[in-house]
Each structure stands twice: as C-alpha cells, then as structure tokens.
$ cat model-v2.tsv   # TSV, C-alpha atoms (C1' of nucleotides)
chain	number	residue	atom	x	y	z
A	1	MET	CA	-22.41	79.13	-15.70
A	2	SER	CA	-24.64	78.79	-18.72
A	3	HIS	CA	-28.42	78.97	-18.94
A	4	LEU	CA	-30.21	75.67	-19.37
A	5	ILE	CA	-32.50	74.51	-22.11
A	6	PRO	CA	-36.03	75.56	-21.14
A	7	GLU	CA	-38.13	72.49	-20.44
A	8	SER	CA	-40.57	73.55	-23.16
A	9	LEU	CA	-37.81	73.62	-25.79
A	10	ILE	CA	-36.27	70.21	-25.07
A	11	GLU	CA	-38.25	68.38	-27.74
A	12	HIS	CA	-37.58	71.11	-30.31
A	13	VAL	CA	-33.86	71.09	-29.59
A	14	ALA	CA	-33.81	67.30	-29.93
A	15	GLU	CA	-35.62	67.59	-33.25
A	16	ARG	CA	-33.04	70.09	-34.49
A	17	PHE	CA	-30.17	67.79	-33.52
A	18	ARG	CA	-31.97	64.91	-35.21
A	19	VAL	CA	-32.12	66.87	-38.46
A	20	LEU	CA	-28.36	67.37	-38.22
A	21	GLY	CA	-27.78	63.71	-37.33
A	22	ASP	CA	-27.59	62.39	-40.87
A	23	ALA	CA	-24.44	62.16	-42.98
A	24	THR	CA	-26.20	62.96	-46.25
A	25	ARG	CA	-27.75	66.10	-44.84
A	26	LEU	CA	-24.43	67.18	-43.36
A	27	SER	CA	-22.81	66.63	-46.75
A	28	ILE	CA	-25.41	68.87	-48.36
A	29	LEU	CA	-24.85	71.57	-45.74
A	30	ARG	CA	-21.10	71.29	-46.13
A	31	LEU	CA	-21.51	71.74	-49.87
A	32	LEU	CA	-23.73	74.81	-49.48
A	33	LEU	CA	-21.35	76.33	-46.95
A	34	GLU	CA	-18.48	75.82	-49.36
A	35	ARG	CA	-20.09	76.90	-52.61
A	36	GLY	CA	-22.98	79.14	-51.62
A	37	GLU	CA	-26.27	78.83	-53.47
A	38	LEU	CA	-26.79	75.66	-55.52
A	39	ASN	CA	-29.71	74.04	-57.30
A	40	VAL	CA	-30.81	70.45	-56.83
A	41	GLY	CA	-29.03	69.17	-59.91
A	42	GLU	CA	-25.75	70.72	-58.86
A	43	ILE	CA	-26.08	69.18	-55.41
A	44	CYS	CA	-26.84	65.76	-56.90
A	45	ASP	CA	-23.78	65.98	-59.14
A	46	ALA	CA	-21.55	66.96	-56.25
A	47	LEU	CA	-22.83	64.23	-53.95
A	48	GLU	CA	-22.94	61.56	-56.67
A	49	GLY	CA	-24.00	58.85	-54.28
A	50	SER	CA	-27.53	59.92	-53.62
A	51	SER	CA	-30.44	59.83	-56.04
A	52	GLN	CA	-32.25	63.01	-57.00
A	53	ALA	CA	-35.30	61.86	-55.05
A	54	ASN	CA	-33.19	61.34	-51.97
A	55	VAL	CA	-31.50	64.73	-52.23
A	56	SER	CA	-34.87	66.44	-52.68
A	57	LYS	CA	-36.20	64.75	-49.57
A	58	HIS	CA	-33.26	65.83	-47.47
A	59	LEU	CA	-33.52	69.37	-48.80
A	60	ARG	CA	-37.16	69.40	-47.82
A	61	ILE	CA	-36.30	68.34	-44.28
A	62	LEU	CA	-33.61	71.02	-44.04
A	63	HIS	CA	-35.99	73.61	-45.46
A	64	VAL	CA	-38.86	72.76	-43.11
A	65	ALA	CA	-36.38	73.04	-40.24
A	66	GLY	CA	-35.44	76.52	-41.44
A	67	ILE	CA	-31.81	75.56	-41.96
A	68	VAL	CA	-31.80	76.26	-45.70
A	69	SER	CA	-33.89	78.61	-47.82
A	70	ARG	CA	-35.24	78.01	-51.31
A	71	ARG	CA	-35.52	80.22	-54.38
A	72	ARG	CA	-37.18	79.11	-57.59
A	73	GLU	CA	-35.88	80.13	-61.00
A	74	GLY	CA	-37.72	78.53	-63.89
A	75	THR	CA	-37.78	74.82	-63.22
A	76	ALA	CA	-34.71	75.06	-61.04
A	77	ALA	CA	-34.76	75.30	-57.25
A	78	TYR	CA	-31.81	77.05	-55.63
A	79	TYR	CA	-30.98	76.34	-52.02
A	80	ARG	CA	-28.68	78.15	-49.64
A	81	ILE	CA	-27.86	78.15	-45.93
A	82	ALA	CA	-30.42	80.16	-43.97
A	83	ASP	CA	-29.15	79.39	-40.49
A	84	PRO	CA	-25.85	81.18	-39.87
A	85	SER	CA	-25.18	79.16	-36.73
A	86	ILE	CA	-24.84	75.87	-38.59
A	87	ALA	CA	-21.19	76.31	-39.47
A	88	GLU	CA	-20.34	77.19	-35.90
A	89	LEU	CA	-22.25	74.20	-34.53
A	90	CYS	CA	-20.40	71.82	-36.82
A	91	ASP	CA	-17.09	73.44	-36.01
A	92	MET	CA	-17.67	72.98	-32.30
A	93	VAL	CA	-18.51	69.32	-32.74
A	94	CYS	CA	-15.48	68.76	-34.96
A	95	ASP	CA	-13.19	70.43	-32.47
A	96	ARG	CA	-14.59	68.39	-29.63
A	97	LEU	CA	-14.31	65.12	-31.53
A	98	THR	CA	-10.71	65.90	-32.34
A	99	VAL	CA	-9.89	66.68	-28.72
A	100	GLN	CA	-11.57	63.45	-27.63
A	101	ALA	CA	-9.59	61.43	-30.13
A	102	VAL	CA	-6.35	62.90	-28.84
A	103	GLU	CA	-7.32	62.23	-25.22
A	104	GLU	CA	-8.22	58.64	-26.00
A	105	ALA	CA	-4.98	58.12	-27.87
A	106	ARG	CA	-3.07	59.42	-24.85
A	107	THR	CA	-5.02	57.13	-22.51
A	108	PHE	CA	-4.04	54.11	-24.60
A	109	ALA	CA	-0.44	55.28	-24.65
A	110	ILE	CA	-0.37	55.43	-20.86
A	111	ALA	CA	-2.04	52.04	-20.48
B	1	MET	CA	-15.57	82.32	-43.38
B	2	SER	CA	-15.52	79.14	-41.36
B	3	HIS	CA	-13.65	75.91	-41.99
B	4	LEU	CA	-15.72	73.02	-43.27
B	5	ILE	CA	-16.31	69.62	-41.75
B	6	PRO	CA	-13.54	67.34	-43.05
B	7	GLU	CA	-15.04	64.69	-45.28
B	8	SER	CA	-13.63	62.00	-43.02
B	9	LEU	CA	-15.44	63.41	-39.99
B	10	ILE	CA	-18.92	63.74	-41.52
B	11	GLU	CA	-20.18	60.41	-40.23
B	12	HIS	CA	-18.75	61.02	-36.76
B	13	VAL	CA	-20.32	64.46	-36.56
B	14	ALA	CA	-23.67	63.00	-37.65
B	15	GLU	CA	-23.33	60.34	-34.96
B	16	ARG	CA	-22.68	63.02	-32.33
B	17	PHE	CA	-25.74	64.98	-33.39
B	18	ARG	CA	-27.78	61.77	-33.34
B	19	VAL	CA	-26.78	61.16	-29.74
B	20	LEU	CA	-28.04	64.65	-28.90
B	21	GLY	CA	-31.23	64.16	-30.90
B	22	ASP	CA	-33.26	62.53	-28.15
B	23	ALA	CA	-35.39	64.36	-25.61
B	24	THR	CA	-34.65	61.94	-22.77
B	25	ARG	CA	-30.90	62.27	-23.24
B	26	LEU	CA	-31.17	66.06	-23.43
B	27	SER	CA	-33.17	66.00	-20.19
B	28	ILE	CA	-30.43	63.99	-18.53
B	29	LEU	CA	-27.77	66.41	-19.78
B	30	ARG	CA	-29.84	69.38	-18.64
B	31	LEU	CA	-30.12	67.83	-15.21
B	32	LEU	CA	-26.39	67.18	-14.96
B	33	LEU	CA	-25.60	70.70	-16.12
B	34	GLU	CA	-27.91	72.08	-13.47
B	35	ARG	CA	-26.99	69.90	-10.53
B	36	GLY	CA	-23.50	68.61	-11.26
B	37	GLU	CA	-22.67	65.02	-10.46
B	38	LEU	CA	-25.60	62.64	-9.91
B	39	ASN	CA	-26.03	58.90	-9.57
B	40	VAL	CA	-28.48	56.82	-11.57
B	41	GLY	CA	-31.11	56.74	-8.85
B	42	GLU	CA	-31.08	60.51	-8.48
B	43	ILE	CA	-31.45	60.93	-12.22
B	44	CYS	CA	-34.36	58.48	-12.31
B	45	ASP	CA	-36.10	60.35	-9.50
B	46	ALA	CA	-35.65	63.68	-11.22
B	47	LEU	CA	-36.89	62.43	-14.57
B	48	GLU	CA	-39.73	60.38	-13.15
B	49	GLY	CA	-41.03	59.32	-16.53
B	50	SER	CA	-38.29	56.95	-17.52
B	51	SER	CA	-37.56	53.53	-16.07
B	52	GLN	CA	-34.22	52.79	-14.47
B	53	ALA	CA	-33.34	50.49	-17.36
B	54	ASN	CA	-34.07	53.24	-19.83
B	55	VAL	CA	-32.02	55.82	-17.96
B	56	SER	CA	-29.10	53.40	-17.70
B	57	LYS	CA	-29.24	52.79	-21.42
B	58	HIS	CA	-29.19	56.46	-22.24
B	59	LEU	CA	-26.33	57.06	-19.82
B	60	ARG	CA	-24.40	54.31	-21.53
B	61	ILE	CA	-24.91	55.97	-24.91
B	62	LEU	CA	-23.80	59.33	-23.52
B	63	HIS	CA	-20.81	57.72	-21.85
B	64	VAL	CA	-19.68	55.83	-24.94
B	65	ALA	CA	-19.93	59.11	-26.84
B	66	GLY	CA	-17.66	60.73	-24.27
B	67	ILE	CA	-20.27	63.30	-23.32
B	68	VAL	CA	-20.53	62.18	-19.69
B	69	SER	CA	-18.04	60.49	-17.42
B	70	ARG	CA	-18.70	57.82	-14.80
B	71	ARG	CA	-17.38	57.29	-11.30
B	72	ARG	CA	-18.27	54.26	-9.21
B	73	GLU	CA	-18.77	54.50	-5.48
B	74	GLY	CA	-19.90	51.26	-3.88
B	75	THR	CA	-22.89	50.09	-5.87
B	76	ALA	CA	-23.66	53.59	-7.02
B	77	ALA	CA	-22.56	55.07	-10.34
B	78	TYR	CA	-22.10	58.81	-10.47
B	79	TYR	CA	-22.28	60.60	-13.78
B	80	ARG	CA	-21.26	64.10	-14.74
B	81	ILE	CA	-20.79	66.18	-17.87
B	82	ALA	CA	-17.44	65.46	-19.50
B	83	ASP	CA	-17.90	67.54	-22.63
B	84	PRO	CA	-17.75	71.24	-21.76
B	85	SER	CA	-19.06	72.22	-25.17
B	86	ILE	CA	-22.47	70.63	-24.63
B	87	ALA	CA	-24.00	73.59	-22.83
B	88	GLU	CA	-22.82	75.96	-25.53
B	89	LEU	CA	-24.17	73.72	-28.30
B	90	CYS	CA	-27.59	73.59	-26.68
B	91	ASP	CA	-27.55	77.32	-26.06
B	92	MET	CA	-26.81	78.02	-29.70
B	93	VAL	CA	-29.66	75.82	-30.85
B	94	CYS	CA	-32.06	77.38	-28.36
B	95	ASP	CA	-31.11	80.87	-29.47
B	96	ARG	CA	-31.53	79.97	-33.09
B	97	LEU	CA	-34.92	78.32	-32.52
B	98	THR	CA	-36.11	81.40	-30.68
B	99	VAL	CA	-34.98	83.70	-33.46
B	100	GLN	CA	-36.70	81.49	-36.01
B	101	ALA	CA	-39.94	81.53	-34.05
B	102	VAL	CA	-39.88	85.32	-33.92
B	103	GLU	CA	-39.16	85.56	-37.64
B	104	GLU	CA	-42.00	83.20	-38.49
B	105	ALA	CA	-44.38	85.11	-36.27
B	106	ARG	CA	-43.46	88.32	-38.06
B	107	THR	CA	-43.97	86.69	-41.46
B	108	PHE	CA	-47.48	85.68	-40.46
B	109	ALA	CA	-48.17	89.16	-39.14
B	110	ILE	CA	-47.16	90.68	-42.47
B	111	ALA	CA	-49.19	88.21	-44.50
C	1	DT	C1'	-49.84	71.05	-79.14
C	2	DG	C1'	-46.17	67.72	-77.44
C	3	DA	C1'	-41.32	66.59	-76.09
C	4	DC	C1'	-38.10	67.64	-72.61
C	5	DT	C1'	-36.03	69.19	-68.23
C	6	DT	C1'	-36.10	69.92	-63.30
C	7	DC	C1'	-37.76	69.09	-59.08
C	8	DA	C1'	-41.17	67.06	-55.67
C	9	DT	C1'	-43.88	63.35	-53.82
C	10	DC	C1'	-45.85	58.73	-53.17
C	11	DG	C1'	-45.49	53.77	-51.85
C	12	DT	C1'	-42.55	50.26	-50.37
C	13	DT	C1'	-38.72	48.00	-47.85
C	14	DG	C1'	-35.11	47.49	-44.64
C	15	DT	C1'	-32.79	49.13	-40.65
C	16	DA	C1'	-31.90	51.72	-36.41
C	17	DC	C1'	-33.35	52.50	-32.08
C	18	DA	C1'	-36.41	54.02	-27.91
C	19	DG	C1'	-38.96	51.84	-24.50
C	20	DT	C1'	-40.36	47.82	-21.53
C	21	DC	C1'	-39.85	43.69	-18.77
C	22	DA	C1'	-37.05	40.38	-16.90
C	23	DT	C1'	-32.68	39.12	-15.42
C	24	DA	C1'	-27.72	39.47	-14.42
C	25	DT	C1'	-23.87	41.58	-11.96
C	26	DA	C1'	-21.75	43.63	-8.13
C	27	DG	C1'	-21.34	45.77	-3.83
C	28	DT	C1'	-23.11	46.01	1.21
C	29	DA	C1'	-24.85	44.31	5.37
C	30	DT	C1'	-26.60	40.76	8.65
D	1	DA	C1'	-23.80	31.93	3.58
D	2	DT	C1'	-28.54	34.94	2.60
D	3	DA	C1'	-30.86	39.13	1.77
D	4	DC	C1'	-30.91	43.65	-0.02
D	5	DT	C1'	-29.68	47.63	-2.90
D	6	DA	C1'	-27.93	49.85	-7.12
D	7	DT	C1'	-26.82	49.48	-11.75
D	8	DA	C1'	-26.25	47.12	-16.23
D	9	DT	C1'	-27.72	44.17	-19.92
D	10	DG	C1'	-30.44	40.93	-22.87
D	11	DA	C1'	-34.66	39.89	-25.58
D	12	DC	C1'	-38.55	41.78	-27.55
D	13	DT	C1'	-41.88	45.19	-29.74
D	14	DG	C1'	-43.26	49.20	-32.00
D	15	DT	C1'	-42.12	53.25	-34.43
D	16	DA	C1'	-39.41	56.51	-37.09
D	17	DC	C1'	-37.07	57.11	-41.08
D	18	DA	C1'	-33.40	56.56	-44.96
D	19	DA	C1'	-33.09	54.86	-49.51
D	20	DC	C1'	-35.15	53.36	-53.80
D	21	DG	C1'	-38.15	53.25	-57.92
D	22	DA	C1'	-41.91	55.17	-60.17
D	23	DT	C1'	-44.71	58.89	-61.00
D	24	DG	C1'	-46.53	63.58	-60.66
D	25	DA	C1'	-46.24	68.64	-61.27
D	26	DA	C1'	-44.48	72.64	-63.35
D	27	DG	C1'	-41.68	75.24	-66.28
D	28	DT	C1'	-39.26	75.68	-71.13
D	29	DC	C1'	-38.67	75.03	-75.96
D	30	DA	C1'	-39.70	73.01	-80.61

$ encode --input "model-v2.tsv" --output "structure tokens"
Amino acid sequence: MSHLIPESLIEHVAERFRVLGDATRLSILRLLLERGELNVGEICDALEGSSQANVSKHLRILHVAGIVSRRREGTAAYYRIADPSIAELCDMVCDRLTVQAVEEARTFAIA
Amino acid sequence: MSHLIPESLIEHVAERFRVLGDATRLSILRLLLERGELNVGEICDALEGSSQANVSKHLRILHVAGIVSRRREGTAAYYRIADPSIAELCDMVCDRLTVQAVEEARTFAIA
DNA sequence: TGACTTCATCGTTGTACAGTCATATAGTAT
DNA sequence: ATACTATATGACTGTACAACGATGAAGTCA
C-alpha cells in the first residue's frame, strides 16, 4: 500500500507532470542527462529543430520548476539537471509504455 | 548511470506525462488508489466539483492511456487502476516537491 | 567607443484541450 | 411498448501555451 498524494499537493503535482509533458523539454532533459552540463548554444546545436528563443523558453520553464540549475560564465549560460529523480521518472514511464505495448500486441494476437 | 529515453519514445513519454498533468485526473487516480474499484457515479459524488460529463471524459482519457481499466456491470461502468506504477510515480514527484520546498525555505533563511 | 556574441524576453498566432450543456446510447424495470 | 437510470459523446467556448520573429540586455573584444 502506498501513501496518497496529499490533497494540497495535487495541483503542484499536476503542474510538475505538465512541465514534463512536452517533447522538446524531454529532449533537452535527455541531452543533459547524457552529456552533463551544457550551454544554450550547445543545446540548440544538438536539438537542431528548435530556435534559440524556443530553447531558452523551455530552459526557463525547467529552471523555474527546479528541474535544471543554471550557471553563468561570461555571456554563456550553462544548464544541468538539478532534480535527480527525473531520470528515474522517465525510466519508469518508458518501462510501463513498453510493457503496455507488449500486452496490447498479445491481445491482438489472441483476437 | 541510468538509461536514457529512446528517441522514438520521447513523444509517447511526453503524452503520458500530459495525461497526468491535470488536477482532476490526478484526483480521480488518487480516489481509485484509495478506494479500489469505483463506478462513474461514485467518482462524481466523491469529486463533487466536476460534472458527470467531465468525469466521463477524463476517465476515457485515462482508459485510452491504459492507466485505468473498465468493467461494465449493467448500466454501470466500474473503473480501477490498471497501471501499478502510477502510485510510485506520484510518490516520487511528491517527495521531490517536498524536498524542493525545504531547500527553497532554507535558501530564503540564509539570504 | 562600437562591433560582435550569447542568451533572454516580448508580441503575435495557431493549436490543444478542459469545462459545460445538451443529447445519444444502453441497460433495467413496469 | 414507456419510463427511468447510468454512462458516453458531440458541439461549443474560453484559456493555456508552443513556436516564431524581432528585439533587448549583458558580456567580450577590437
């Protein structure tokens, strides 16, 4: 038996999930998990589908949420993962999605 | 070191987080985690802030996502949690939010 | 000083979606 | 058959927000 979300936290938990519910932001997090600390330019180069303005906006959202931290160095801004639970959260979702896909495939096979 | 989200799963993971990023849906999940299997009417009574149409819509979204399962009994529709990882996901987010709140409080105290 | 680089922010536009009301569907009972 | 109950769905409205382009702010170098 697990403890439930406290009523008072529901909206905050939803907000956290909402921050994670965007493919561009997940791509940024994936990149930071893989390569550690990166500046905005490096992230833009790696994503090469999002404008610099767009990447900056997403980084701001992640930073306000406390998921990444920022460090300035000259004109550069270096970001890195600040929330150690992010990787585990994503892993759990991936695992679950994979299990679901297998179950659905088996259901079709039976039917 | 944790494994990364496969590129091909990014959009699906985002979609899953988006489904969880709504306070009404989290309230429904919380209710089902607490009380087990419930029908639509029972959920509406417990939430008493959402219309029946609204609850049905959210249940549909959760069902399509494979997070809850449905069982019909006469005219009633009973729903229950189908994704055992949901409780753990919410717990992790709650824990993290609590830690963050404490850290921020300490930062203010220092400053 | 001015030119240049790096990042952040503003204003706009289009889209996704939560909520509501009304209605449809389906089972039960008389 | 009608009436009633429980749930699902369709049409609509308002709001949140992702993406874009342009511009601002701040640091570096000539």

$ closest_residue --input "model-v2.tsv" --among "A:Arg80, A:Arg60, A:Arg25, A:Arg72" --to "chain B" --atoms "all atoms listed in the file"
A:Arg25

$ interface_residues --input "model-v2.tsv" --of "chain B" --to "chain D" --cutoff "10 Å" --atoms "all atoms listed in the file" --output "JSON, numbers by chain"
{"B": [39, 40, 41, 52, 53, 56, 57, 60, 74, 75, 76, 77]}

$ residues_around --input "model-v2.tsv" --residues "Ser69 of chain B" --least-positions-apart "2" --cutoff "7 Å" --atoms "all atoms listed in the file" --output "list in words"
His63, Gly66, Ile67, Arg71, Tyr79, Arg80, Ile81 and Ala82 of chain B

$ atom_distance --input "model-v2.tsv" --atom1 "atom CA of Asp91 of chain A" --atom2 "atom C1' of DA18 of chain C"
28.6 Å

$ interface_residues --input "model-v2.tsv" --of "chain B" --to "chain A" --cutoff "6 Å" --atoms "all atoms listed in the file" --output "NGL selection string"
:B and (10-11 or 14 or 17-18 or 20-23)

$ interface_residues --input "model-v2.tsv" --of "chain C" --to "chain B" --cutoff "7 Å" --atoms "only C-alpha atoms (C1' of nucleotides)" --output "number ranges by chain"
C: 19, 26-27

$ axis_aligned_box --input "model-v2.tsv" --around "segment 16-25 of chain D" --padding-each-side "3 Å" --output "JSON"
{"center_x": -39.8, "center_y": 60.9, "center_z": -49.2, "size_x": 19.4, "size_y": 21.4, "size_z": 30.2}

$ atom_distance --input "model-v2.tsv" --atom1 "atom C1' of DA16 of chain C" --atom2 "atom CA of Val64 of chain B"
17.3 Å

$ atom_distance --input "model-v2.tsv" --atom1 "atom C1' of DA8 of chain C" --atom2 "atom CA of Arg70 of chain A"
13.2 Å

$ decode --input "model-v2.tsv" --residues "segment 19-30 of chain C" --atoms "N, CA and C atoms (P, O5', C5', C4', C3', O3' and C1' of nucleotides)" --output "CSV table (one decimal), in the first residue's frame"
chain,number,residue,atom,x,y,z
C,19,DG,P,-11.3,20.5,-15.9
C,19,DG,O5',-12.7,21.1,-16.3
C,19,DG,C5',-12.8,22.5,-16.2
C,19,DG,C4',-14.1,23.0,-17.0
C,19,DG,C3',-15.4,22.2,-16.5
C,19,DG,O3',-16.2,23.1,-15.8
C,19,DG,C1',-15.2,22.5,-18.9
C,20,DT,P,-17.6,22.5,-15.3
C,20,DT,O5',-18.7,22.9,-16.4
C,20,DT,C5',-18.6,24.2,-17.0
C,20,DT,C4',-19.7,24.3,-18.1
C,20,DT,C3',-21.0,23.6,-17.7
C,20,DT,O3',-22.1,24.4,-17.8
C,20,DT,C1',-20.3,23.0,-19.9
C,21,DC,P,-23.5,24.0,-17.2
C,21,DC,O5',-24.3,23.6,-18.6
C,21,DC,C5',-24.3,24.6,-19.6
C,21,DC,C4',-25.0,24.0,-20.9
C,21,DC,C3',-26.3,23.2,-20.6
C,21,DC,O3',-27.3,23.6,-21.5
C,21,DC,C1',-24.8,21.9,-21.8
C,22,DA,P,-28.7,23.0,-21.4
C,22,DA,O5',-28.8,22.0,-22.6
C,22,DA,C5',-28.3,22.4,-23.9
C,22,DA,C4',-28.2,21.2,-24.9
C,22,DA,C3',-29.4,20.3,-24.8
C,22,DA,O3',-29.8,20.0,-26.1
C,22,DA,C1',-27.5,19.1,-24.5
C,23,DT,P,-31.1,19.1,-26.4
C,23,DT,O5',-30.5,17.7,-26.8
C,23,DT,C5',-29.4,17.7,-27.8
C,23,DT,C4',-28.8,16.3,-27.9
C,23,DT,C3',-29.8,15.2,-28.0
C,23,DT,O3',-29.3,14.3,-29.1
C,23,DT,C1',-28.2,14.7,-26.4
C,24,DA,P,-30.3,13.2,-29.7
C,24,DA,O5',-29.4,11.9,-29.7
C,24,DA,C5',-28.1,12.0,-30.2
C,24,DA,C4',-27.3,10.9,-29.6
C,24,DA,C3',-28.0,9.5,-29.8
C,24,DA,O3',-27.0,8.6,-30.3
C,24,DA,C1',-27.3,9.9,-27.5
C,25,DT,P,-27.6,7.2,-30.9
C,25,DT,O5',-27.1,6.1,-29.9
C,25,DT,C5',-25.7,6.1,-29.4
C,25,DT,C4',-25.6,5.3,-28.1
C,25,DT,C3',-26.4,3.9,-28.2
C,25,DT,O3',-25.5,2.9,-27.9
C,25,DT,C1',-26.8,5.1,-26.2
C,26,DA,P,-25.9,1.4,-28.3
C,26,DA,O5',-26.1,0.7,-26.9
C,26,DA,C5',-25.1,1.0,-25.8
C,26,DA,C4',-25.7,0.6,-24.5
C,26,DA,C3',-26.6,-0.6,-24.6
C,26,DA,O3',-26.4,-1.4,-23.4
C,26,DA,C1',-27.7,1.2,-23.4
C,27,DG,P,-26.6,-3.0,-23.6
C,27,DG,O5',-27.2,-3.4,-22.2
C,27,DG,C5',-26.4,-3.1,-21.0
C,27,DG,C4',-27.4,-2.6,-19.9
C,27,DG,C3',-28.5,-3.6,-19.5
C,27,DG,O3',-28.3,-4.0,-18.2
C,27,DG,C1',-29.4,-1.4,-19.7
C,28,DT,P,-29.2,-5.2,-17.6
C,28,DT,O5',-30.4,-4.3,-16.9
C,28,DT,C5',-30.1,-3.4,-15.9
C,28,DT,C4',-31.4,-2.9,-15.3
C,28,DT,C3',-32.4,-3.9,-15.0
C,28,DT,O3',-32.9,-3.7,-13.6
C,28,DT,C1',-33.4,-2.2,-16.3
C,29,DA,P,-33.8,-4.8,-13.0
C,29,DA,O5',-35.2,-4.0,-13.0
C,29,DA,C5',-35.2,-2.7,-12.6
C,29,DA,C4',-36.6,-2.1,-12.8
C,29,DA,C3',-37.8,-3.0,-12.5
C,29,DA,O3',-38.8,-2.3,-11.9
C,29,DA,C1',-37.9,-2.3,-14.7
C,30,DT,P,-39.9,-3.1,-11.1
C,30,DT,O5',-41.2,-2.4,-11.6
C,30,DT,C5',-41.1,-1.1,-12.1
C,30,DT,C4',-42.4,-0.8,-13.0
C,30,DT,C3',-43.5,-1.8,-12.7
C,30,DT,O3',-44.7,-1.2,-12.4
C,30,DT,C1',-43.0,-1.7,-15.1
